[in-house]
file start17.cif (mmCIF, C-alpha atoms)
data_input
loop_
_atom_site.label_atom_id
_atom_site.label_comp_id
_atom_site.auth_asym_id
_atom_site.auth_seq_id
_atom_site.Cartn_x
_atom_site.Cartn_y
_atom_site.Cartn_z
CA MET A 1 -3.30 -35.42 -6.90
CA ARG A 2 -6.98 -34.78 -7.58
CA THR A 3 -7.74 -34.76 -3.85
CA LYS A 4 -4.97 -32.25 -3.21
CA PHE A 5 -6.26 -29.98 -5.99
CA LYS A 6 -9.80 -30.08 -4.59
CA LYS A 7 -8.41 -29.23 -1.18
CA ILE A 8 -6.56 -26.21 -2.61
CA ILE A 9 -9.80 -24.93 -4.15
CA PHE A 10 -11.56 -25.12 -0.78
CA VAL A 11 -8.58 -23.89 1.22
CA ALA A 12 -7.94 -20.75 -0.89
CA PRO A 13 -10.82 -18.63 0.49
CA VAL A 14 -10.27 -19.85 4.04
CA LEU A 15 -6.56 -19.08 3.98
CA THR A 16 -7.36 -15.69 2.54
CA LEU A 17 -9.67 -14.94 5.43
CA LEU A 18 -7.10 -16.17 7.93
CA PHE A 19 -4.47 -13.95 6.33
CA ALA A 20 -6.87 -11.01 6.46
CA ALA A 21 -7.57 -11.69 10.12
CA GLN A 22 -4.40 -9.83 11.05
CA THR A 23 -6.09 -6.59 10.00
CA ALA A 24 -9.40 -7.59 11.57
CA ALA A 25 -8.15 -9.22 14.73
CA ALA A 26 -10.11 -6.86 16.91
CA ALA A 27 -13.21 -6.97 14.69
CA GLU A 28 -16.57 -7.46 16.35
CA PHE A 29 -19.34 -9.29 14.47
CA ILE A 30 -22.77 -8.37 15.78
CA LYS A 31 -25.70 -10.57 14.78
CA PRO A 32 -29.39 -9.65 14.82
CA ASN A 33 -31.67 -10.68 17.67
CA ASP A 34 -34.62 -13.07 17.39
CA SER A 35 -36.74 -10.37 15.73
CA GLY A 36 -34.11 -9.84 13.04
CA ASN A 37 -32.99 -6.43 14.33
CA THR A 38 -29.52 -5.37 15.44
CA ILE A 39 -28.92 -2.86 18.22
CA ILE A 40 -25.41 -1.64 19.00
CA SER A 41 -25.35 0.36 22.22
CA GLY A 42 -22.74 1.41 24.74
CA ASP A 43 -19.07 2.08 24.13
CA GLY A 44 -16.18 -0.36 23.80
CA HIS A 45 -17.02 -1.54 20.29
CA ARG A 46 -14.20 -1.70 17.75
CA ASN A 47 -14.21 -2.47 14.01
CA VAL A 48 -17.85 -3.55 13.96
CA TYR A 49 -19.51 -5.63 11.23
CA ALA A 50 -23.29 -5.81 11.54
CA ALA A 51 -26.26 -7.08 9.53
CA GLY A 52 -29.96 -7.23 10.25
CA GLY A 53 -33.44 -6.17 9.23
CA ASN A 54 -33.04 -2.90 11.14
CA ILE A 55 -29.73 -1.72 12.53
CA THR A 56 -29.54 0.97 15.20
CA VAL A 57 -26.17 2.20 16.43
CA THR A 58 -26.32 4.37 19.53
CA GLY A 59 -22.85 3.60 20.90
CA ASN A 60 -19.54 5.00 19.72
CA ILE A 61 -17.42 2.81 17.44
CA ALA A 62 -13.63 2.75 17.67
CA GLY A 63 -12.23 1.96 14.24
CA ASP A 64 -14.54 1.15 11.31
CA LEU A 65 -18.22 0.35 11.06
CA MET A 66 -19.68 -1.80 8.31
CA ALA A 67 -23.45 -2.30 8.35
CA GLY A 68 -26.00 -3.77 5.96
CA GLY A 69 -29.74 -4.08 6.54
CA GLY A 70 -33.24 -2.90 5.68
CA ASN A 71 -32.86 0.31 7.68
CA VAL A 72 -29.65 1.62 9.23
CA VAL A 73 -29.55 4.45 11.77
CA VAL A 74 -26.17 5.58 13.13
CA GLN A 75 -26.53 7.86 16.15
CA GLY A 76 -23.12 7.23 17.67
CA ASN A 77 -19.73 8.39 16.41
CA VAL A 78 -17.50 6.28 14.15
CA GLU A 79 -13.80 6.82 14.69
CA ASP A 80 -12.62 5.80 11.20
CA ASP A 81 -14.50 4.73 8.06
CA LEU A 82 -18.19 3.98 7.67
CA MET A 83 -19.62 1.67 5.02
CA ALA A 84 -23.37 1.08 5.07
CA GLY A 85 -26.13 -0.12 2.76
CA GLY A 86 -29.88 -0.42 3.24
CA GLY A 87 -33.33 0.74 2.26
CA THR A 88 -33.05 3.80 4.51
CA LEU A 89 -29.81 5.20 5.92
CA VAL A 90 -29.63 7.95 8.54
CA ILE A 91 -26.18 9.08 9.67
CA ASN A 92 -26.43 11.42 12.64
CA GLY A 93 -23.10 10.75 14.33
CA THR A 94 -19.62 11.98 13.43
CA VAL A 95 -17.56 9.92 10.99
CA GLY A 96 -13.82 10.34 11.53
CA GLY A 97 -12.78 8.88 8.15
CA ASP A 98 -14.52 8.25 4.82
CA ALA A 99 -18.20 7.36 4.36
CA ARG A 100 -19.40 5.04 1.58
CA LEU A 101 -23.17 4.74 1.58
CA GLY A 102 -25.90 3.21 -0.56
CA GLY A 103 -29.63 3.20 0.07
CA GLY A 104 -33.10 4.06 -1.14
CA ASN A 105 -33.16 7.15 1.08
CA VAL A 106 -29.91 8.47 2.52
CA THR A 107 -29.72 11.32 5.05
CA ILE A 108 -26.46 12.64 6.51
CA THR A 109 -26.68 15.13 9.37
CA GLY A 110 -23.38 14.46 11.16
CA PRO A 111 -19.93 15.74 10.09
CA VAL A 112 -17.66 13.55 7.97
CA ARG A 113 -13.91 14.19 8.30
CA GLY A 114 -12.97 12.39 5.07
CA ASP A 115 -14.51 11.78 1.64
CA VAL A 116 -18.14 10.82 1.02
CA LEU A 117 -19.38 8.45 -1.69
CA VAL A 118 -23.18 8.11 -1.84
CA GLY A 119 -25.61 6.30 -4.13
CA GLY A 120 -29.36 6.21 -3.62
CA GLY A 121 -32.84 7.18 -4.69
CA ASN A 122 -32.98 10.31 -2.52
CA VAL A 123 -29.93 11.84 -0.87
CA THR A 124 -30.01 14.68 1.66
CA ILE A 125 -26.87 16.16 3.20
CA ALA A 126 -27.89 18.62 5.92
CA LYS A 127 -26.06 21.79 7.01
CA THR A 128 -24.70 20.07 10.10
CA ALA A 129 -22.91 17.40 8.05
CA GLU A 130 -19.78 19.43 7.13
CA ILE A 131 -17.73 17.27 4.79
CA SER A 132 -13.97 17.76 5.11
CA GLY A 133 -13.03 15.89 1.92
CA ASP A 134 -14.55 15.33 -1.52
CA LEU A 135 -18.16 14.42 -2.29
CA VAL A 136 -19.31 12.01 -5.01
CA VAL A 137 -23.08 11.44 -5.36
CA GLY A 138 -25.30 9.47 -7.71
CA SER A 139 -29.01 9.80 -7.02
CA GLY A 140 -32.43 10.63 -8.38
CA ASN A 141 -32.98 13.59 -6.06
CA ILE A 142 -30.12 15.33 -4.27
CA VAL A 143 -30.18 18.13 -1.69
CA ILE A 144 -26.81 19.40 -0.45
CA GLU A 145 -26.66 22.04 2.28
CA ALA A 146 -23.48 21.00 4.09
CA PRO A 147 -20.20 22.87 3.53
CA ILE A 148 -17.75 20.79 1.51
CA ALA A 149 -14.03 21.45 1.73
CA GLY A 150 -13.07 19.47 -1.37
CA SER A 151 -14.56 18.97 -4.82
CA VAL A 152 -18.05 17.80 -5.77
CA ARG A 153 -19.06 15.35 -8.52
CA ILE A 154 -22.75 14.65 -9.00
CA GLY A 155 -24.87 12.58 -11.32
CA GLY A 156 -28.60 12.70 -10.77
CA GLY A 157 -32.07 13.79 -11.73
CA THR A 158 -32.79 16.87 -9.60
CA VAL A 159 -29.90 18.55 -7.81
CA ASN A 160 -30.19 21.38 -5.28
CA LEU A 161 -26.85 22.76 -4.12
CA ASN A 162 -27.10 25.31 -1.35
CA SER A 163 -23.73 25.20 0.41
CA LYS A 164 -20.13 26.32 0.33
CA VAL A 165 -17.77 24.26 -1.85
CA GLY A 166 -14.03 24.75 -1.55
CA ARG A 167 -13.04 23.36 -4.95
CA GLU A 168 -14.55 22.55 -8.35
CA VAL A 169 -18.07 21.29 -9.02
CA TRP A 170 -19.03 18.86 -11.80
CA VAL A 171 -22.70 17.99 -12.33
CA MET A 172 -24.69 15.97 -14.86
CA SER A 173 -28.42 16.12 -14.20
CA ASP A 174 -31.83 17.02 -15.57
CA LYS A 175 -32.12 20.06 -13.31
CA LEU A 176 -29.55 21.96 -11.25
CA THR A 177 -30.34 24.74 -8.77
CA PHE A 178 -27.87 26.85 -6.82
CA GLY A 179 -29.54 28.13 -3.65
CA PRO A 180 -29.08 31.56 -2.05
CA ASP A 181 -26.43 30.28 0.38
CA SER A 182 -24.32 28.52 -2.24
CA MET A 183 -20.67 29.59 -2.59
CA VAL A 184 -18.38 27.88 -5.09
CA ALA A 185 -14.77 29.00 -5.35
CA GLY A 186 -13.66 26.56 -8.05
CA GLU A 187 -14.77 25.88 -11.62
CA ILE A 188 -18.32 24.72 -12.32
CA THR A 189 -19.07 22.28 -15.12
CA TYR A 190 -22.70 21.43 -15.76
CA LYS A 191 -24.08 19.01 -18.34
CA GLY A 192 -27.86 19.00 -18.65
CA LYS A 193 -30.92 19.60 -20.78
CA ARG A 194 -31.41 23.16 -19.52
CA GLU A 195 -29.31 25.86 -17.91
CA ALA A 196 -28.87 25.90 -14.16
CA VAL A 197 -31.08 28.02 -11.93
CA VAL A 198 -29.04 30.50 -9.86
CA GLN A 199 -31.07 32.04 -7.05
CA ALA A 200 -30.46 35.51 -5.66
CA GLY A 201 -27.63 35.60 -3.12
CA ALA A 202 -25.64 32.76 -4.66
CA GLN A 203 -21.89 33.47 -4.95
CA ILE A 204 -20.55 31.17 -7.61
CA SER A 205 -18.05 31.26 -10.46
CA ALA A 206 -19.03 31.16 -14.14
CA ILE A 207 -20.85 27.99 -15.17
CA ASP A 208 -19.48 25.97 -18.08
CA PHE A 209 -22.86 24.75 -19.38
CA GLN A 210 -22.92 21.93 -21.91
CA LYS A 211 -26.39 21.20 -23.24
CA ILE A 212 -27.15 17.55 -23.96
CA ASP A 213 -30.18 15.86 -25.46
CA ARG A 214 -30.60 12.79 -23.30
CA LYS A 215 -34.06 11.67 -24.41
CA GLY A 216 -32.98 9.52 -27.33
CA ALA A 217 -29.84 8.28 -25.60
CA LYS A 218 -31.79 7.46 -22.44
CA THR A 219 -34.41 5.44 -24.32
CA LEU A 220 -31.73 3.55 -26.23
CA TYR A 221 -29.79 2.90 -23.03
CA LYS A 222 -32.86 1.53 -21.25
CA GLY A 223 -33.64 -0.74 -24.20
CA PHE A 224 -30.15 -2.17 -24.38
CA GLY A 225 -29.99 -2.34 -20.59
CA PHE A 226 -33.13 -4.45 -20.31
CA ALA A 227 -32.07 -6.65 -23.23
CA GLY A 228 -28.72 -7.25 -21.54
CA LYS A 229 -30.42 -8.15 -18.23
CA LEU A 230 -32.78 -10.52 -20.07
CA ILE A 231 -29.94 -12.29 -21.90
CA TRP A 232 -27.94 -12.52 -18.65
CA SER A 233 -30.93 -14.02 -16.82
CA ILE A 234 -31.53 -16.61 -19.57
CA GLY A 235 -27.86 -17.57 -19.49
CA LEU A 236 -27.98 -18.03 -15.72
CA VAL A 237 -31.09 -20.21 -15.98
CA ILE A 238 -29.42 -22.42 -18.57
CA ALA A 239 -26.26 -22.72 -16.46
CA GLY A 240 -28.39 -23.40 -13.39
CA LEU A 241 -30.27 -26.20 -15.15
CA LEU A 242 -26.95 -27.83 -16.02
CA LEU A 243 -25.79 -27.61 -12.39
CA LEU A 244 -29.08 -29.09 -11.16
CA ARG A 245 -28.78 -31.88 -13.71
CA PHE A 246 -25.18 -32.91 -13.06
CA PHE A 247 -24.61 -31.78 -9.44
CA PRO A 248 -28.01 -32.07 -7.70
CA LYS A 249 -26.63 -33.11 -4.30
CA LYS A 250 -24.11 -30.27 -4.12
CA MET A 251 -26.71 -27.73 -5.20
CA ASN A 252 -29.08 -28.99 -2.52
CA ARG A 253 -26.37 -28.67 0.14
CA VAL A 254 -25.56 -25.09 -0.83
CA VAL A 255 -29.22 -24.01 -1.00
CA GLU A 256 -29.95 -25.64 2.37
CA LYS A 257 -27.01 -23.71 3.79
CA THR A 258 -28.41 -20.40 2.50
CA PHE A 259 -31.63 -21.00 4.42
CA ASP A 260 -29.66 -21.98 7.52
CA LYS A 261 -28.83 -18.77 9.42
CA PRO A 262 -29.28 -16.35 6.46
CA TRP A 263 -28.30 -13.28 8.52
CA ALA A 264 -25.09 -14.97 9.61
CA ASN A 265 -24.45 -15.82 5.95
CA LEU A 266 -25.08 -12.19 5.01
CA GLY A 267 -22.57 -10.92 7.56
CA THR A 268 -19.94 -13.49 6.56
CA GLY A 269 -20.46 -12.77 2.87
CA LEU A 270 -20.28 -8.99 3.36
CA VAL A 271 -16.99 -9.17 5.24
CA ALA A 272 -15.47 -11.68 2.80
CA ALA A 273 -16.57 -9.67 -0.26
CA ILE A 274 -14.60 -6.70 1.04
CA VAL A 275 -11.65 -8.37 2.73
CA ILE A 276 -10.74 -11.01 0.12
CA PRO A 277 -10.27 -8.63 -2.87
CA VAL A 278 -8.23 -6.24 -0.70
CA VAL A 279 -5.98 -9.07 0.44
CA ALA A 280 -5.61 -10.28 -3.15
CA VAL A 281 -4.51 -6.83 -4.32
CA LEU A 282 -2.05 -6.55 -1.43
CA LEU A 283 -0.59 -9.92 -2.38
CA LEU A 284 -0.24 -8.79 -6.00
CA LEU A 285 1.93 -5.91 -4.81
CA THR A 286 4.42 -8.31 -3.24
CA VAL A 287 6.89 -10.53 -5.06
CA ILE A 288 6.24 -13.63 -2.98
CA GLY A 289 2.47 -13.33 -2.95
CA PHE A 290 1.93 -12.31 -6.60
CA TYR A 291 0.76 -15.72 -7.84
CA ALA A 292 -1.34 -16.30 -4.73
CA GLY A 293 -3.11 -12.97 -5.32
CA LEU A 294 -3.63 -13.85 -8.98
CA MET A 295 -5.08 -17.24 -8.04
CA ILE A 296 -7.48 -15.65 -5.54
CA LEU A 297 -8.74 -13.11 -8.11
CA ALA A 298 -9.26 -15.87 -10.68
CA TRP A 299 -11.11 -17.91 -8.05
CA LEU A 300 -13.33 -14.89 -7.25
CA ALA A 301 -14.21 -14.38 -10.93
CA ILE A 302 -15.42 -17.99 -11.26
CA LEU A 303 -17.14 -17.88 -7.88
CA TYR A 304 -19.00 -14.70 -8.87
CA LEU A 305 -20.75 -16.49 -11.75
CA TYR A 306 -21.54 -19.51 -9.58
CA LEU A 307 -22.98 -17.38 -6.78
CA ASN A 308 -25.31 -15.58 -9.18
CA ILE A 309 -26.89 -18.95 -9.96
CA ILE A 310 -27.10 -19.90 -6.28
CA ALA A 311 -28.73 -16.54 -5.50
CA ILE A 312 -31.42 -17.13 -8.14
CA VAL A 313 -32.10 -20.66 -6.88
CA PHE A 314 -32.23 -19.45 -3.27
CA PHE A 315 -34.60 -16.60 -4.16
CA GLY A 316 -36.89 -18.83 -6.23
CA ALA A 317 -37.00 -21.44 -3.48
CA ALA A 318 -37.80 -18.78 -0.88
CA ILE A 319 -40.69 -17.44 -2.97
CA LEU A 320 -42.16 -20.88 -3.64
CA LYS A 321 -41.81 -21.83 0.03
CA LYS A 322 -43.67 -18.67 0.97
CA LEU A 323 -46.45 -19.66 -1.44
CA ASN A 324 -46.40 -23.27 -0.14
CA LYS A 325 -45.57 -24.52 -3.63
CA TYR A 326 -41.99 -25.61 -3.12
CA ASN A 327 -41.38 -29.21 -4.18
CA GLY A 328 -37.60 -29.53 -4.30
CA LEU A 329 -34.98 -28.04 -6.60
CA LYS A 330 -36.59 -28.12 -10.05
CA TRP A 331 -36.60 -25.89 -13.10
CA THR A 332 -39.56 -23.98 -11.64
CA VAL A 333 -37.33 -22.72 -8.82
CA LEU A 334 -34.78 -21.33 -11.29
CA VAL A 335 -37.35 -19.69 -13.54
CA THR A 336 -39.27 -18.17 -10.62
CA GLY A 337 -36.15 -16.64 -9.09
CA ALA A 338 -34.83 -15.37 -12.44
CA VAL A 339 -38.13 -13.78 -13.54
CA VAL A 340 -38.84 -12.01 -10.23
CA LEU A 341 -35.26 -10.74 -10.02
CA LEU A 342 -35.44 -9.49 -13.61
CA ILE A 343 -38.55 -7.47 -12.72
CA LEU A 344 -36.91 -6.10 -9.56
CA LYS A 345 -33.82 -5.02 -11.52
CA ILE A 346 -35.99 -2.54 -13.42
CA ILE A 347 -36.59 -0.66 -10.14
CA PRO A 348 -33.65 1.72 -9.49
CA PHE A 349 -31.46 0.68 -6.58
CA ILE A 350 -34.04 -1.69 -5.07
CA GLY A 351 -33.17 -4.35 -7.62
CA PHE A 352 -29.46 -3.85 -6.97
CA LEU A 353 -29.98 -4.03 -3.22
CA VAL A 354 -31.98 -7.28 -3.42
CA CYS A 355 -29.41 -8.87 -5.75
CA ALA A 356 -26.55 -7.79 -3.49
CA ILE A 357 -28.21 -9.23 -0.37
CA LEU A 358 -28.98 -12.54 -2.10
CA TRP A 359 -25.43 -12.74 -3.48
CA LEU A 360 -23.85 -12.04 -0.09
CA ILE A 361 -26.05 -14.63 1.64
CA SER A 362 -25.02 -17.17 -0.99
CA PHE A 363 -21.35 -16.21 -0.57
CA GLY A 364 -21.55 -16.66 3.18
CA ALA A 365 -23.21 -20.06 2.77
CA VAL A 366 -20.49 -21.26 0.38
CA LEU A 367 -17.75 -20.14 2.78
CA ARG A 368 -19.44 -21.94 5.67
CA LEU A 369 -19.63 -25.11 3.59
CA ALA A 370 -15.97 -24.77 2.66
CA ARG A 371 -15.02 -24.44 6.32
CA GLU A 372 -17.08 -27.51 7.26
CA HIS A 373 -15.49 -29.47 4.41
CA LEU A 374 -12.02 -28.63 5.69
CA GLN A 375 -12.93 -29.58 9.23
CA THR A 376 -14.30 -32.93 8.04
CA GLU A 377 -11.13 -33.67 6.06
CA GLU A 378 -8.92 -32.76 9.00
CA GLN A 379 -10.89 -35.08 11.31
CA SER A 380 -10.67 -37.95 8.80
CA ILE A 381 -6.87 -37.50 8.57
CA THR A 382 -6.39 -37.46 12.35
#
call {"tool": "encode", "arguments": {"input": "start17.cif", "output": "structure tokens"}}
result
Amino acid sequence: MRTKFKKIIFVAPVLTLLFAAQTAAAAEFIKPNDSGNTIISGDGHRNVYAAGGNITVTGNIAGDLMAGGGNVVVQGNVEDDLMAGGGTLVINGTVGGDARLGGGNVTITGPVRGDVLVGGGNVTIAKTAEISGDLVVGSGNIVIEAPIAGSVRIGGGTVNLNSKVGREVWVMSDKLTFGPDSMVAGEITYKGKREAVVQAGAQISAIDFQKIDRKGAKTLYKGFGFAGKLIWSIGLVIAGLLLLRFFPKKMNRVVEKTFDKPWANLGTGLVAAIVIPVVAVLLLLTVIGFYAGLMILAWLAILYLYLNIIAIVFFGAAILKKLNKYNGLKWTVLVTGAVVLLILKIIPFIGFLVCAILWLISFGAVLRLAREHLQTEEQSIT
């Protein structure tokens, strides 16, 4: 009975991926070359998943494009949805569906036929972008010059809106400026420390300005935020020490797997992190698959905590190996990874990006181990 239960635990993610394969049957997984870069050229690509240090897409993509790397440049057209994350994102091609983007610097110059969701340090949406749906942005500095057919919701530091908006605008920022070419037909709600600047030539409706004093709240939020991150990191270190103490061999296997083909792990983890929750929700909507969907979500919740520990161990080991001070999985590996990650989390977006990459690599490694475990069991049975 125990053996069967263990097999169910390993089989659950694999079966989920196999079930999801019906929707990704024509998916194309493109790995980086020897230099760590990924180049996607020519036509004929469909539903592409790509990872690499630098990703350049010059060919047209039929279906969706999902890309994650240090720098991502999309020159070709994407037929359906685009999802991309990286230090720098440049979207020059046409996106036929929705665009969901996250990066340190994000620039959109090509038209987007659906909605746009963007998060980053600096976001620029050029005149040539032309967004046919809604726009949601969270960023430190935001420049919007593209016409937007739908509504706009913005949270940021400095916001410059110099475009035509078909519906309402909602903004919370330190500074908001409406440029001379701005035209807003719908209602405008602005929450900030000072009134918006409306330059000559702007054609906008009345602004519902709500003044807020964010200095005290911001300081308090940062204090609680750092305290929460510190407590979380200490908890992960304690949990990691317990895993190293009681399951040293399994921890070694997982960490070795993270170092083995990390870019392949990243791609596998990225796809699984998106596909598995979607499949679980779809199963919840059916009568037959309700309990299966519930089991998968519960499995993901537990796995999330476990992968945070693996990510810290992997990061600490990578740092110590780089410094030629790695001497096996010890407490120093955990502490090194946790401390450096805690410092990186203070940096807006960069910390999130590093954590996400480490987590996805760890996820991919765990899935690869699960697949190998199943293959070994099947061979032993036959």
call {"tool": "resolve_selection", "arguments": {"input": "start17.cif", "expression": "the PyMOL selection byres ((chain A and resi 330) around 12)", "output": "VMD selection string"}}
result
chain A and resid 237 240 to 245 248 251 to 252 313 to 314 316 to 317 320 325 to 329 331 to 337
call {"tool": "residues_around", "arguments": {"input": "start17.cif", "residues": "Gly364 in chain A", "least_positions_apart": "4", "cutoff": "12 Å", "atoms": "only C-alpha atoms", "output": "PyMOL selection string"}}
result
chain A and resi 13-14+254-255+257-273+303+307+310-311+357-360+368-371
call {"tool": "resolve_selection", "arguments": {"input": "start17.cif", "expression": "the PyMOL selection byres ((chain A and resi 280) around 8)", "output": "PyMOL selection string"}}
result
chain A and resi 276-279+281-284+292-294+296-297
call {"tool": "atom_distance", "arguments": {"input": "start17.cif", "atom1": "CA of Glu168 in chain A", "atom2": "CA of Arg113 in chain A"}}
result
18.6 Å
call {"tool": "closest_residue", "arguments": {"input": "start17.cif", "among": "A:Ile144, A:Val354, A:Ala200, A:Gly133", "to": "Arg167 in chain A", "atoms": "all atoms listed in the file"}}
result
A:Gly133
